[in-house]
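K.L.:
One structure coming up, written as C-alpha cells, with questions to follow.
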Number of protein chains: 2
Amino acid sequence: MARSKSGATPQPRKSSGQSVSLKSLAEHLGLSKAAVSFVINRSPAAKSIPHRTQELIRQAARELNYRPNYLARSLRQQRSYTIGVVVPEISEGYAALVMSGIEDHLLQEGYFYFVVSHRHREELIKEYPHLLQQRAVEGLIAVDTALSEGANVPLVAVSGHRDVPGVTNIVLDHARAAMLAMEHLTKLGHRRMAFIKGQEFSSDTAVRWESVRAAAAELGIEIKERLVMQLEGESSSPELGYLVTRKLLASGEPFTALFAFNDISAIGAIQALREAGRRIPEDVSVVGFDDIQSAAFQNPGLTTVRQPLRQMGVLAAETVLQRINAPAKQPYPKEIIVEPGFIVRGSTGPAPQSGQAD
Amino acid sequence: MARSKSGATPQPRKSSGQSVSLKSLAEHLGLSKAAVSFVINRSPAAKSIPHRTQELIRQAARELNYRPNYLARSLRQQRSYTIGVVVPEISEGYAALVMSGIEDHLLQEGYFYFVVSHRHREELIKEYPHLLQQRAVEGLIAVDTALSEGANVPLVAVSGHRDVPGVTNIVLDHARAAMLAMEHLTKLGHRRMAFIKGQEFSSDTAVRWESVRAAAAELGIEIKERLVMQLEGESSSPELGYLVTRKLLASGEPFTALFAFNDISAIGAIQALREAGRRIPEDVSVVGFDDIQSAAFQNPGLTTVRQPLRQMGVLAAETVLQRINAPAKQPYPKEIIVEPGFIVRGSTGPAPQSGQAD
DNA sequence: GGGGAATACTAAACCGATTTAGTTGGCATA
DNA sequence: TATGCCAACTAAATCGGTTTAGTATTCCCC
C-alpha cells in the first residue's frame with residue numbers, strides 16, 4: 001500500500017461555510033423559528049399561516065438548502081427514526097440477504113439503521129443491544145442471534161427464537177421445510193440418508209433437527225445414528241461441512257443422500273464427497289438449506305430448502321415499525337411463521353441402484 | 001405466514017420506568033449535573049473533585065445503570081461518532097466483505113455507522129450522501145460507487161475512483177493485478193484468451209481493462225476483438241456472465257482461457273462453458289477477480305485475483321477516522337493503493353495441446 | 001363600542017447532555 | 001485584618017430543533 005498524491009482539505013459548500021440552521025433561516029425571513037418550523041413540518045399549527053407566507057418560507061428553505069439537524073429533532077421529539085440490527089457476521093450470505101430486505105423497507109419508511117456484528121462472542125451479544133439503545137434506536141432486529149435479555153424497545157428476532165418477553169419471532173415453518181426435503185429425497189428413492197446438524201450455538205439447530213426426525217418418522221425412514229453428524233466450530237466456511245463429511249465417509253456406513261444443515265456446509269460436503277470419488281448427484285444426492293446466493297452458483301446447482309430471507313428481512317422491518325408506531329399497551333405478535341420453498345437443482349437425483357453406495 | 005401467539009407489551013426494565021438521566025443521577029447524589037458529567041467523562045475539570053466523591057459518583061452511575069444519551073451528547077459536542085457507508089447492494093459478496101472490515105474497525109474505535117444501498121439508481125446516489133449528512137455523520141465511505149459531488153465531511157472511496165476534491169480513493173494496483181493473472185495464464189501456455197469486461201457503470205471497468213491490455217502487450221499476447229465481451233445489466237448474478245459467454249462460444253473464435261471481470265461473472269461463464277461441453281480446466285482455464293467467498297466454494301475452486309476486500313474496508317475506516325480527527329487544514333491522502341494477491345485454485349490448468357480448443 | 005373569535009404570528013420552555021464562567025468557604029500568607 | 005489562592009463545586013449557556021402557551025391585530029356581530 002502506498003500514498004501517491006495528496007490534496008488540500010475539502011472546501012466549504014457553495015452557499016456558505018456552515019450549513020443553514022433553522023435560526024438563520026428564520027432571521028433571513030424575518031420570522032420566528034417557530035413559524036418556520038411549523039411550515040417546514042406541515043404541523044397543524046401551520047394552518048393559521050397564510051399560503052403566501054408558507055410559500056416564501058418553503059422557497060427560502062429550498063434556496064438556502066436548509067436541512068434540519070436530525071440530532072436536534074430527535075432529541076426533542078424523543079424519536080430517532082433509527083433501528084438497531086444485530087447479526088452474527090455481515091459478510092455471510094444468510095445475514096446479508098436478510099439485511100438487504102431490512103434495509104429496503106426501513107429506508108423506504110424514512111428510517112436508518114445501525115448494524116453490529118457479534119461473531120458469536122457472548123460479551124458482544126450482551127453489550128451491543130445496550131449500546132444501540134444508548135444510541136436511541138427505536139427498535140431492534142436480531143438476525144440469527146439468541147439475545148439473552150429483552151429490551152426497552154420493540155424487538156424482532158429473525159430465526160433467533162427464544163421465549164423472551166417483548167420479542168416477536170420470525171420463524172420458518174421447520175416442519176414443512178424438513179418435510180419438503182425428505183419427501184423430495186424419498187420420492188427419488190433414497191432411503192439411506194445422512195444428516196449434518198448445526199452447531200450447538202445456532203438457534204435453529206434444535207428445532208430443525210426435531211423436524212427432520214418427525215418427517216423421517218412420518219415417511220418411514222430410519223435415521224441411523226452413525227449417519228448423523230454435527231457441525232463444530234464458529235467459522236462459516238464450507239470447511240466445517242467438508243471435515244464432518246470426511247468423518248461420515250470414514251465411518252463406512254453407506255448412504256445415498258445427504259441433508260446438510262445449510263448451504264455452506266452442503267458445499268463443503270460436496271467437496272469431500274467428490275474427493276472420495278462420489279459423483280453428485282449420480283452416487284450421492286445433496287440437499288442444502290437456506291438458498292443463499294452461492295447455492296445457485298454451484299456446479300451443479302445446489303438443491304436446497306429455500307428460506308425467503310429477503311422477505312423475512314422486510315417482514316422484520318415492517319413488524320418492528322408497526323410495533324414502534326402502535327399504541328403502547330397494544331398486544332404484539334409473538335411469532336410470525338414464514339413458509340419455506342424448495343428449489344430443485346442439479347445436486348439431487350434418483351437414488352443409485354442398491355450396491356452402489358459404499 | 002401466520003401469527004400464532006401474542007403477548008403483552010414489554011415491561012419496563014428492572015430499576016425504573018424511564019432510563020436514568022444525568023439530572024436524576026445528579027439529584028440522587030445531591031450534586032450538580034456539571035460535577036457528575038465531569039467525573040463520568042473524566043474531563044480535566046474533574047481534577048478538582050476529590051477521589052472520594054468521584055468514587056461515589058461512579059458507583060451510583062453503575063448502580064443506577066446510567067447511560068448518557070448519545071443524541072444529547074452529539075448535539076452539544078457536534079460529534080456524532082457515526083459514519084455513513086454507501087454501497088451498491090448489501091447482499092453482494094464484494095460489498096459485504098468490505099463492510100465487514102469497515103465495521104470491525106469502526107466499532108473498535110467507538111463509532112457506529114449507517115449503511116445505505118443505492119442499487120445503481122442515480123437519484124439515490126445523489127441523495128443519500130445528503131441524507132447521511134443530515135443525520136450528522138462525521139464521515140462517508142463509498143464502496144464501489146462513483147459519487148457525483150464531494151461532501152462537507154471527509155469522504156473515502158473504495159474502488160470508486162473519480163477525481164473529486166475532498167475524496168481519498170482506495171484503489172487496487174490494477175496494473176499488477178492484470179499482470180498476475182496474465183502471467184499465470186501465459187506460463188500455463190495459454191495464448192488465445194477471451195475477456196469479459198465490466199459494465200459501463202462499474203467504476204473499475206475502464207482502468208482494469210487498460211491494465212489488461214498493457215499486460216497483454218508486455219507479455220506479447222494478442223487480444224482478439226471477437227474474444228472481448230462486456231457485461232450488461234445491473235443485476236449481480238452469474239447470469240450475466242453466463243449470457244455473455246454463450247455469445248463468446250457462438251462466435252466460434254477459439255480460446256483456451258477466459259479472464260472474467262469478477263468472480264460472479266466467472267461462475268456464470270463456467271456454467272456456460274460446461275453446458276457447451278468444455279471441461280474446466282482441461283479445455284478452458286477460467287480466472288476470476290475479487291476472491292469473494294463463493295470463489296473458494298466453487299467446484300473446482302476458482303482461480304482468481306484477490307482484492308484484499310476486508311483489509312480495504314479496514315483501511316477505509318482507518319483513513320476516514322484519521323481525517324476526522326486530524327486538524328482541519330491538514331492535507332489528506334488522495335489515493336491509497338493496495339496490492340492484489342493471486343489465488344490459484346482448480347479452475348486453471350495447462351493449455352490444451354493445439355487443436356483441442358473449439 | 002364591546003366581546004368573541006379568528007388570524008398571524010412570537011417568546012420561551014424543553015429535550016439531555018457538555019462546557020464556560022463563576023461562586024463559596026477555608027486556609028495561608030503579608 | 002485583608003488578600004489571594006485553592007479546592008470543590010454550581011448556575012447558566014449552549015447545541016438546533018419542536019412545541020406549548022401566549023400576544024397583538026383585525027374583523028364581525030350584536
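Here, A, B, ... name the chains of the C-alpha cells in the order displayed, residue numbers run from 1 inside each chain, and ligands are numbered from 1 in the same displayed order.
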Using only C-alpha atoms (C1' of nucleotides), tabulate the residues of chain D lying at most 12 Å from any atom of chain A, each with its closest atom pair and that distance in Å to one decimal, by chain and increasing residue number, as JSON lines.

P.N.:
{"residue": "D:DC15", "atom": "C1'", "partner": "A:Ala72", "partner_atom": "CA", "distance": 7.8}
{"residue": "D:DG16", "atom": "C1'", "partner": "A:Ala72", "partner_atom": "CA", "distance": 5.1}
{"residue": "D:DG17", "atom": "C1'", "partner": "A:Ala72", "partner_atom": "CA", "distance": 4.8}
{"residue": "D:DT18", "atom": "C1'", "partner": "A:Arg76", "partner_atom": "CA", "distance": 6.1}
{"residue": "D:DT19", "atom": "C1'", "partner": "A:Ala34", "partner_atom": "CA", "distance": 8.5}
{"residue": "D:DT20", "atom": "C1'", "partner": "A:Ala34", "partner_atom": "CA", "distance": 11.0}

K.L.:
Write out, as an mmCIF file, in the first residue's frame, the residues just selected, with N, CA and C atoms (P, O5', C5', C4', C3', O3' and C1' of nucleotides).

P.N.:
data_model
loop_
_atom_site.group_PDB
_atom_site.id
_atom_site.type_symbol
_atom_site.label_atom_id
_atom_site.label_comp_id
_atom_site.auth_asym_id
_atom_site.auth_seq_id
_atom_site.Cartn_x
_atom_site.Cartn_y
_atom_site.Cartn_z
ATOM 1 P P DC D 15 -24.694 27.713 20.419
ATOM 2 O "O5'" DC D 15 -24.927 26.261 19.833
ATOM 3 C "C5'" DC D 15 -23.936 25.249 19.932
ATOM 4 C "C4'" DC D 15 -24.588 23.908 19.720
ATOM 5 C "C3'" DC D 15 -25.787 23.968 18.773
ATOM 6 O "O3'" DC D 15 -25.372 23.613 17.470
ATOM 7 C "C1'" DC D 15 -26.242 22.632 20.735
ATOM 8 P P DG D 16 -25.894 24.539 16.244
ATOM 9 O "O5'" DG D 16 -27.363 23.985 16.004
ATOM 10 C "C5'" DG D 16 -27.548 22.668 15.501
ATOM 11 C "C4'" DG D 16 -29.017 22.359 15.540
ATOM 12 C "C3'" DG D 16 -29.898 23.378 14.813
ATOM 13 O "O3'" DG D 16 -30.901 22.666 14.117
ATOM 14 C "C1'" DG D 16 -30.677 23.092 16.983
ATOM 15 P P DG D 17 -31.559 23.258 12.839
ATOM 16 O "O5'" DG D 17 -32.822 22.310 12.650
ATOM 17 C "C5'" DG D 17 -34.072 22.662 13.198
ATOM 18 C "C4'" DG D 17 -34.425 21.726 14.337
ATOM 19 C "C3'" DG D 17 -35.892 21.701 14.685
ATOM 20 O "O3'" DG D 17 -36.492 20.621 14.001
ATOM 21 C "C1'" DG D 17 -34.518 21.908 16.649
ATOM 22 P P DT D 18 -38.078 20.687 13.754
ATOM 23 O "O5'" DT D 18 -38.705 20.530 15.213
ATOM 24 C "C5'" DT D 18 -38.639 19.266 15.864
ATOM 25 C "C4'" DT D 18 -39.452 19.321 17.141
ATOM 26 C "C3'" DT D 18 -40.941 19.560 16.962
ATOM 27 O "O3'" DT D 18 -41.574 18.704 17.891
ATOM 28 C "C1'" DT D 18 -40.061 21.192 18.403
ATOM 29 P P DT D 19 -43.162 18.411 17.786
ATOM 30 O "O5'" DT D 19 -43.730 19.337 18.957
ATOM 31 C "C5'" DT D 19 -43.166 19.199 20.262
ATOM 32 C "C4'" DT D 19 -43.743 20.264 21.176
ATOM 33 C "C3'" DT D 19 -45.208 20.631 20.903
ATOM 34 O "O3'" DT D 19 -45.836 20.724 22.178
ATOM 35 C "C1'" DT D 19 -43.923 22.565 20.977
ATOM 36 P P DT D 20 -47.397 20.547 22.297
ATOM 37 O "O5'" DT D 20 -47.685 21.447 23.590
ATOM 38 C "C5'" DT D 20 -46.716 21.492 24.650
ATOM 39 C "C4'" DT D 20 -46.740 22.860 25.292
ATOM 40 C "C3'" DT D 20 -48.142 23.451 25.466
ATOM 41 O "O3'" DT D 20 -48.254 23.942 26.791
ATOM 42 C "C1'" DT D 20 -46.763 24.992 24.376
#

K.L.:
Would you pick out the contacts of region 215-217 of chain A at 8 Å or less, using only C-alpha atoms (C1' of nucleotides), so that residues sharing its chain but fewer than 4 positions from it are not included, and give the list as a list of chain:residue names?

P.N.:
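These residues fall inside the cut-off: A:Ala175, A:Ala178, A:Met179, A:Met182, A:Ser211, A:Ile221, A:Glu222, A:Ile223.
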
K.L.:
Once you count only C-alpha atoms (C1' of nucleotides), which residues of chain C turn out to be within 8 Å of chain B? Could you give them as a PyMOL selection string?

P.N.:
chain C and resi 15-18

K.L.:
Generate the output file for the selected residues, C-alpha atoms (C1' of nucleotides), as a compact mmCIF listing (two decimals), in the first residue's frame.

P.N.:
# COMPACT_ATOMS: atom_id res chain seq x y z
C1' DC C 15 -35.03 17.50 25.06
C1' DG C 16 -30.30 15.77 27.88
C1' DA C 17 -26.23 16.19 27.69
C1' DT C 18 -21.42 19.38 27.75

K.L.:
Would you please work out which residue, of A:Thr245, A:Gln54, A:Gln134, A:Ser236, is nearest to His120 (chain A) when using only C-alpha atoms?

P.N.:
A:Ser236

K.L.:
Using DSSP on the backbone coordinates, identify all residues within region 107-356 of chain B classified as alpha helix (DSSP H); present the result as a PyMOL selection string.

P.N.:
chain B and resi 107-108+122-134+174-187+205-219+239-250+263-275+293-297+309-325

K.L.:
With only C-alpha atoms (C1' of nucleotides) as the counted atoms, please give the residues lying no more than 9 Å from region 102-110 of chain B, apart from itself and same-chain residues fewer than 4 positions off, as a list in words.

P.N.:
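Listing them by chain and then by number gives Ile90, Val115, Val116 and Ser117 of chain A; Tyr81, Thr82, Ile83, Val85, Leu97, Val98, Ile141, Arg310, Gln311, Met312, Gly313, Val314, Leu315, Ala316, Ala317, Glu318 and Leu321 of chain B.
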
K.L.:
Output N, CA and C atoms for every residue in that selection, as a PDB file, in the first residue's frame.

P.N.:
ATOM      1  N   ILE A  90     -21.606  -9.881   9.059  1.00  0.00           N
ATOM      2  CA  ILE A  90     -22.173  -9.198   7.910  1.00  0.00           C
ATOM      3  C   ILE A  90     -21.909  -9.897   6.596  1.00  0.00           C
ATOM      4  N   VAL A 115     -25.857  -1.241  12.070  1.00  0.00           N
ATOM      5  CA  VAL A 115     -25.603  -2.681  12.071  1.00  0.00           C
ATOM      6  C   VAL A 115     -24.424  -2.983  12.984  1.00  0.00           C
ATOM      7  N   VAL A 116     -24.544  -4.028  13.770  1.00  0.00           N
ATOM      8  CA  VAL A 116     -23.398  -4.510  14.539  1.00  0.00           C
ATOM      9  C   VAL A 116     -23.303  -6.020  14.351  1.00  0.00           C
ATOM     10  N   SER A 117     -22.088  -6.529  14.310  1.00  0.00           N
ATOM     11  CA  SER A 117     -21.931  -7.977  14.173  1.00  0.00           C
ATOM     12  C   SER A 117     -21.150  -8.488  15.369  1.00  0.00           C
TER      13      SER A 117
ATOM     14  N   TYR B  81     -20.051  10.560  16.293  1.00  0.00           N
ATOM     15  CA  TYR B  81     -19.416   9.255  16.329  1.00  0.00           C
ATOM     16  C   TYR B  81     -20.157   8.291  15.415  1.00  0.00           C
ATOM     17  N   THR B  82     -20.495   8.783  14.263  1.00  0.00           N
ATOM     18  CA  THR B  82     -21.233   7.976  13.294  1.00  0.00           C
ATOM     19  C   THR B  82     -20.687   8.244  11.890  1.00  0.00           C
ATOM     20  N   ILE B  83     -20.565   7.174  11.115  1.00  0.00           N
ATOM     21  CA  ILE B  83     -20.062   7.255   9.741  1.00  0.00           C
ATOM     22  C   ILE B  83     -21.164   6.758   8.812  1.00  0.00           C
ATOM     23  N   VAL B  85     -22.055   4.819   5.301  1.00  0.00           N
ATOM     24  CA  VAL B  85     -21.458   3.919   4.317  1.00  0.00           C
ATOM     25  C   VAL B  85     -22.425   3.729   3.160  1.00  0.00           C
ATOM     26  N   LEU B  97     -17.946  -7.990   2.101  1.00  0.00           N
ATOM     27  CA  LEU B  97     -16.618  -8.170   2.684  1.00  0.00           C
ATOM     28  C   LEU B  97     -15.994  -6.840   3.082  1.00  0.00           C
ATOM     29  N   VAL B  98     -16.143  -5.851   2.235  1.00  0.00           N
ATOM     30  CA  VAL B  98     -15.597  -4.533   2.563  1.00  0.00           C
ATOM     31  C   VAL B  98     -16.274  -4.015   3.843  1.00  0.00           C
ATOM     32  N   ILE B 141     -18.047   6.761   3.683  1.00  0.00           N
ATOM     33  CA  ILE B 141     -17.275   5.780   2.936  1.00  0.00           C
ATOM     34  C   ILE B 141     -18.151   5.307   1.788  1.00  0.00           C
ATOM     35  N   ARG B 310     -11.545  -7.143   2.729  1.00  0.00           N
ATOM     36  CA  ARG B 310     -11.748  -6.870   4.139  1.00  0.00           C
ATOM     37  C   ARG B 310     -10.734  -5.811   4.602  1.00  0.00           C
ATOM     38  N   GLN B 311      -9.504  -6.008   4.159  1.00  0.00           N
ATOM     39  CA  GLN B 311      -8.455  -5.060   4.554  1.00  0.00           C
ATOM     40  C   GLN B 311      -8.729  -3.678   3.962  1.00  0.00           C
ATOM     41  N   MET B 312      -9.285  -3.657   2.778  1.00  0.00           N
ATOM     42  CA  MET B 312      -9.612  -2.357   2.179  1.00  0.00           C
ATOM     43  C   MET B 312     -10.692  -1.659   3.005  1.00  0.00           C
ATOM     44  N   GLY B 313     -11.589  -2.449   3.561  1.00  0.00           N
ATOM     45  CA  GLY B 313     -12.612  -1.883   4.434  1.00  0.00           C
ATOM     46  C   GLY B 313     -11.986  -1.303   5.692  1.00  0.00           C
ATOM     47  N   VAL B 314     -11.080  -2.059   6.280  1.00  0.00           N
ATOM     48  CA  VAL B 314     -10.401  -1.577   7.492  1.00  0.00           C
ATOM     49  C   VAL B 314      -9.657  -0.288   7.162  1.00  0.00           C
ATOM     50  N   LEU B 315      -8.957  -0.309   6.043  1.00  0.00           N
ATOM     51  CA  LEU B 315      -8.170   0.848   5.629  1.00  0.00           C
ATOM     52  C   LEU B 315      -9.072   2.068   5.420  1.00  0.00           C
ATOM     53  N   ALA B 316     -10.213   1.840   4.811  1.00  0.00           N
ATOM     54  CA  ALA B 316     -11.148   2.936   4.583  1.00  0.00           C
ATOM     55  C   ALA B 316     -11.600   3.514   5.924  1.00  0.00           C
ATOM     56  N   ALA B 317     -11.909   2.644   6.855  1.00  0.00           N
ATOM     57  CA  ALA B 317     -12.356   3.105   8.163  1.00  0.00           C
ATOM     58  C   ALA B 317     -11.242   3.861   8.881  1.00  0.00           C
ATOM     59  N   GLU B 318     -10.056   3.305   8.834  1.00  0.00           N
ATOM     60  CA  GLU B 318      -8.921   3.980   9.471  1.00  0.00           C
ATOM     61  C   GLU B 318      -8.726   5.369   8.882  1.00  0.00           C
ATOM     62  N   LEU B 321     -11.405   7.928   9.814  1.00  0.00           N
ATOM     63  CA  LEU B 321     -11.270   8.391  11.205  1.00  0.00           C
ATOM     64  C   LEU B 321     -10.059   9.303  11.350  1.00  0.00           C
TER      65      LEU B 321
END

K.L.:
Residues within 10 Å of Glu92 (chain B), please, as a tab-separated table (two decimals) with C-alpha atoms, in the first residue's frame. Count only C-alpha atoms (C1' of nucleotides); anything in the same chain fewer than 6 positions from it doesn't count.

P.N.:
chain	number	residue	atom	x	y	z
A	91	SER	CA	-20.32	-10.96	5.16
A	92	GLU	CA	-22.31	-14.17	5.49
A	93	GLY	CA	-24.79	-14.85	2.75
A	96	ALA	CA	-26.60	-10.25	4.07
A	97	LEU	CA	-29.83	-11.29	2.40
A	100	SER	CA	-30.96	-6.41	2.28
A	293	GLN	CA	-26.75	-16.80	-3.42
B	236	SER	CA	-25.14	-9.12	-9.84
B	237	SER	CA	-25.93	-12.69	-10.69
B	264	ILE	CA	-19.62	-13.71	-10.20
B	292	ILE	CA	-15.36	-13.28	-2.89

K.L.:
Could you pull out the residues in region 62-238 of chain A that DSSP calls strand (DSSP E or B) from the backbone, as an MDAnalysis selection string?

P.N.:
chainID A and resid 82:87 112:117 139:143 155:158 167:172 193:197 228:230

K.L.:
Would you tabulate, counting only C-alpha atoms (C1' of nucleotides), all residues of chain C that have an atom at most 12 Å from an atom of region 1-4 of chain D, showing the closest pair of atoms and their distance in Å to one decimal, sorted by chain then ascending number, as a Markdown table?

P.N.:
| residue | atom | partner | partner_atom | distance |
| --- | --- | --- | --- | --- |
| C:DC27 | C1' | D:DG4 | C1' | 10.7 |
| C:DA28 | C1' | D:DG4 | C1' | 9.2 |
| C:DT29 | C1' | D:DT3 | C1' | 8.6 |
| C:DA30 | C1' | D:DT3 | C1' | 8.4 |

K.L.:
Please indicate the distance in Å from CA of Val36 (chain A) to CA of Tyr111 (chain A), rounded to one decimal place.

P.N.:
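According to the coordinates, CA of Val36 (chain A) and CA of Tyr111 (chain A) are separated by 23.8 Å.
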
K.L.:
So which residues touch Asn262 (chain B) within 7 Å, counting only C-alpha atoms (C1' of nucleotides), skipping near sequence neighbours fewer than 4 positions away, as a list in words?

P.N.:
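Here the qualifying residues turn out to be Ala266, Gly288, Phe289 and Asp290 of chain B.
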
K.L.:
Next, write the just-selected residues to a file, as an mmCIF file, in the first residue's frame, keeping N, CA and C atoms as the atom set.

P.N.:
data_model
loop_
_atom_site.group_PDB
_atom_site.id
_atom_site.type_symbol
_atom_site.label_atom_id
_atom_site.label_comp_id
_atom_site.auth_asym_id
_atom_site.auth_seq_id
_atom_site.Cartn_x
_atom_site.Cartn_y
_atom_site.Cartn_z
ATOM 1 N N ALA B 266 -17.419 -14.958 -13.659
ATOM 2 C CA ALA B 266 -16.617 -16.153 -13.946
ATOM 3 C C ALA B 266 -17.436 -17.411 -13.655
ATOM 4 N N GLY B 288 -11.048 -15.552 -12.280
ATOM 5 C CA GLY B 288 -11.997 -14.545 -11.807
ATOM 6 C C GLY B 288 -11.273 -13.335 -11.252
ATOM 7 N N PHE B 289 -12.032 -12.531 -10.531
ATOM 8 C CA PHE B 289 -11.439 -11.328 -9.961
ATOM 9 C C PHE B 289 -12.232 -10.966 -8.714
ATOM 10 N N ASP B 290 -11.565 -10.712 -7.625
ATOM 11 C CA ASP B 290 -12.125 -10.255 -6.346
ATOM 12 C C ASP B 290 -11.808 -11.216 -5.204
#

K.L.:
Could you work out how far CA of Leu180 (chain A) lies from CA of Asn299 (chain A), giving the answer in Å with one decimal?

P.N.:
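Distance between the two atoms: 22.3 Å.
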
K.L.:
If we count only C-alpha atoms (C1' of nucleotides), what is near DG26 (chain C) at a cut-off of 12 Å, once residues fewer than 6 positions away on the same chain are taken out, given as a list in words?

P.N.:
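Once the adjacent positions are removed, what remains is DC5, DC6, DA7 and DA8 of chain D.
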
K.L.:
Any chance you can output those residues with C-alpha atoms (C1' of nucleotides) as a short mmCIF file (atom, residue, chain, number, x, y, z; two decimals), in the first residue's frame?

P.N.:
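Final file, out-v9.cif:
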data_model
loop_
_atom_site.label_atom_id
_atom_site.label_comp_id
_atom_site.auth_asym_id
_atom_site.auth_seq_id
_atom_site.Cartn_x
_atom_site.Cartn_y
_atom_site.Cartn_z
"C1'" DC D 5 -5.41 31.25 46.31
"C1'" DC D 6 -7.01 26.74 46.08
"C1'" DA D 7 -10.49 23.13 46.38
"C1'" DA D 8 -14.94 21.84 45.43
#

K.L.:
Compile the contact shell of region 337-352 of chain A as number ranges by chain: residues with an atom at most 7 Å away, counting only C-alpha atoms (C1' of nucleotides), same-chain residues fewer than 5 positions apart removed.

P.N.:
A: 170-173, 177, 180, 188-190, 256, 280-283, 285-287, 300-308; B: 1-3

K.L.:
Write a file of the just-selected residues containing N, CA and C atoms, as a short mmCIF file (atom, residue, chain, number, x, y, z; two decimals), in the first residue's frame.

P.N.:
data_model
loop_
_atom_site.label_atom_id
_atom_site.label_comp_id
_atom_site.auth_asym_id
_atom_site.auth_seq_id
_atom_site.Cartn_x
_atom_site.Cartn_y
_atom_site.Cartn_z
N ILE A 170 -39.62 -14.19 14.13
CA ILE A 170 -39.98 -14.56 12.76
C ILE A 170 -39.29 -15.88 12.49
N VAL A 171 -40.09 -16.91 12.33
CA VAL A 171 -39.50 -18.24 12.20
C VAL A 171 -40.02 -18.95 10.96
N LEU A 172 -39.18 -19.85 10.51
CA LEU A 172 -39.56 -20.66 9.37
C LEU A 172 -40.46 -21.79 9.86
N ASP A 173 -41.32 -22.24 9.00
CA ASP A 173 -42.12 -23.43 9.30
C ASP A 173 -41.20 -24.64 9.11
N ALA A 177 -40.48 -27.41 6.14
CA ALA A 177 -39.18 -27.37 5.47
C ALA A 177 -38.56 -28.77 5.43
N LEU A 180 -40.47 -31.09 3.07
CA LEU A 180 -40.19 -30.84 1.66
C LEU A 180 -38.93 -31.57 1.20
N LEU A 188 -37.29 -39.76 -4.77
CA LEU A 188 -36.20 -40.14 -5.67
C LEU A 188 -35.66 -41.52 -5.34
N GLY A 189 -36.25 -42.14 -4.31
CA GLY A 189 -35.85 -43.49 -3.98
C GLY A 189 -34.79 -43.62 -2.90
N HIS A 190 -34.43 -42.51 -2.31
CA HIS A 190 -33.40 -42.58 -1.26
C HIS A 190 -33.98 -43.10 0.05
N THR A 256 -26.98 -42.75 0.40
CA THR A 256 -27.12 -42.26 -0.98
C THR A 256 -27.57 -40.81 -1.02
N ILE A 280 -21.81 -36.34 -7.80
CA ILE A 280 -23.04 -35.67 -7.39
C ILE A 280 -23.81 -35.36 -8.67
N PRO A 281 -25.02 -35.76 -8.84
CA PRO A 281 -25.86 -36.50 -7.92
C PRO A 281 -25.92 -38.00 -8.20
N GLU A 282 -25.08 -38.51 -9.13
CA GLU A 282 -25.24 -39.92 -9.52
C GLU A 282 -25.06 -40.87 -8.34
N ASP A 283 -24.04 -40.61 -7.50
CA ASP A 283 -23.79 -41.51 -6.37
C ASP A 283 -24.46 -41.01 -5.10
N SER A 285 -26.91 -37.77 -3.53
CA SER A 285 -27.69 -36.54 -3.69
C SER A 285 -27.46 -35.66 -2.47
N VAL A 286 -27.32 -34.36 -2.70
CA VAL A 286 -27.06 -33.46 -1.57
C VAL A 286 -28.12 -32.35 -1.55
N VAL A 287 -28.69 -32.15 -0.38
CA VAL A 287 -29.67 -31.08 -0.20
C VAL A 287 -29.13 -30.09 0.82
N PRO A 300 -22.78 -28.82 -9.81
CA PRO A 300 -24.13 -28.46 -10.22
C PRO A 300 -24.79 -27.55 -9.19
N GLY A 301 -25.85 -26.90 -9.59
CA GLY A 301 -26.59 -26.06 -8.65
C GLY A 301 -27.06 -26.89 -7.48
N LEU A 302 -27.14 -26.24 -6.34
CA LEU A 302 -27.46 -26.97 -5.12
C LEU A 302 -28.98 -27.03 -4.92
N THR A 303 -29.51 -28.23 -4.80
CA THR A 303 -30.91 -28.39 -4.42
C THR A 303 -31.02 -28.01 -2.95
N THR A 304 -32.00 -27.19 -2.63
CA THR A 304 -31.99 -26.67 -1.26
C THR A 304 -33.36 -26.21 -0.80
N VAL A 305 -33.53 -26.19 0.50
CA VAL A 305 -34.74 -25.63 1.09
C VAL A 305 -34.55 -24.12 1.09
N ARG A 306 -35.50 -23.45 0.54
CA ARG A 306 -35.35 -22.01 0.43
C ARG A 306 -36.01 -21.29 1.60
N GLN A 307 -35.21 -20.55 2.35
CA GLN A 307 -35.80 -19.64 3.32
C GLN A 307 -35.99 -18.32 2.57
N PRO A 308 -37.14 -17.71 2.68
CA PRO A 308 -37.35 -16.44 1.99
C PRO A 308 -36.65 -15.33 2.76
N MET B 1 -47.65 -17.33 5.86
CA MET B 1 -47.26 -16.65 7.10
C MET B 1 -48.44 -16.54 8.04
N ALA B 2 -48.22 -16.76 9.31
CA ALA B 2 -49.34 -16.75 10.25
C ALA B 2 -48.90 -16.29 11.63
N ARG B 3 -49.81 -15.69 12.31
CA ARG B 3 -49.49 -15.32 13.68
C ARG B 3 -50.03 -16.40 14.59
#
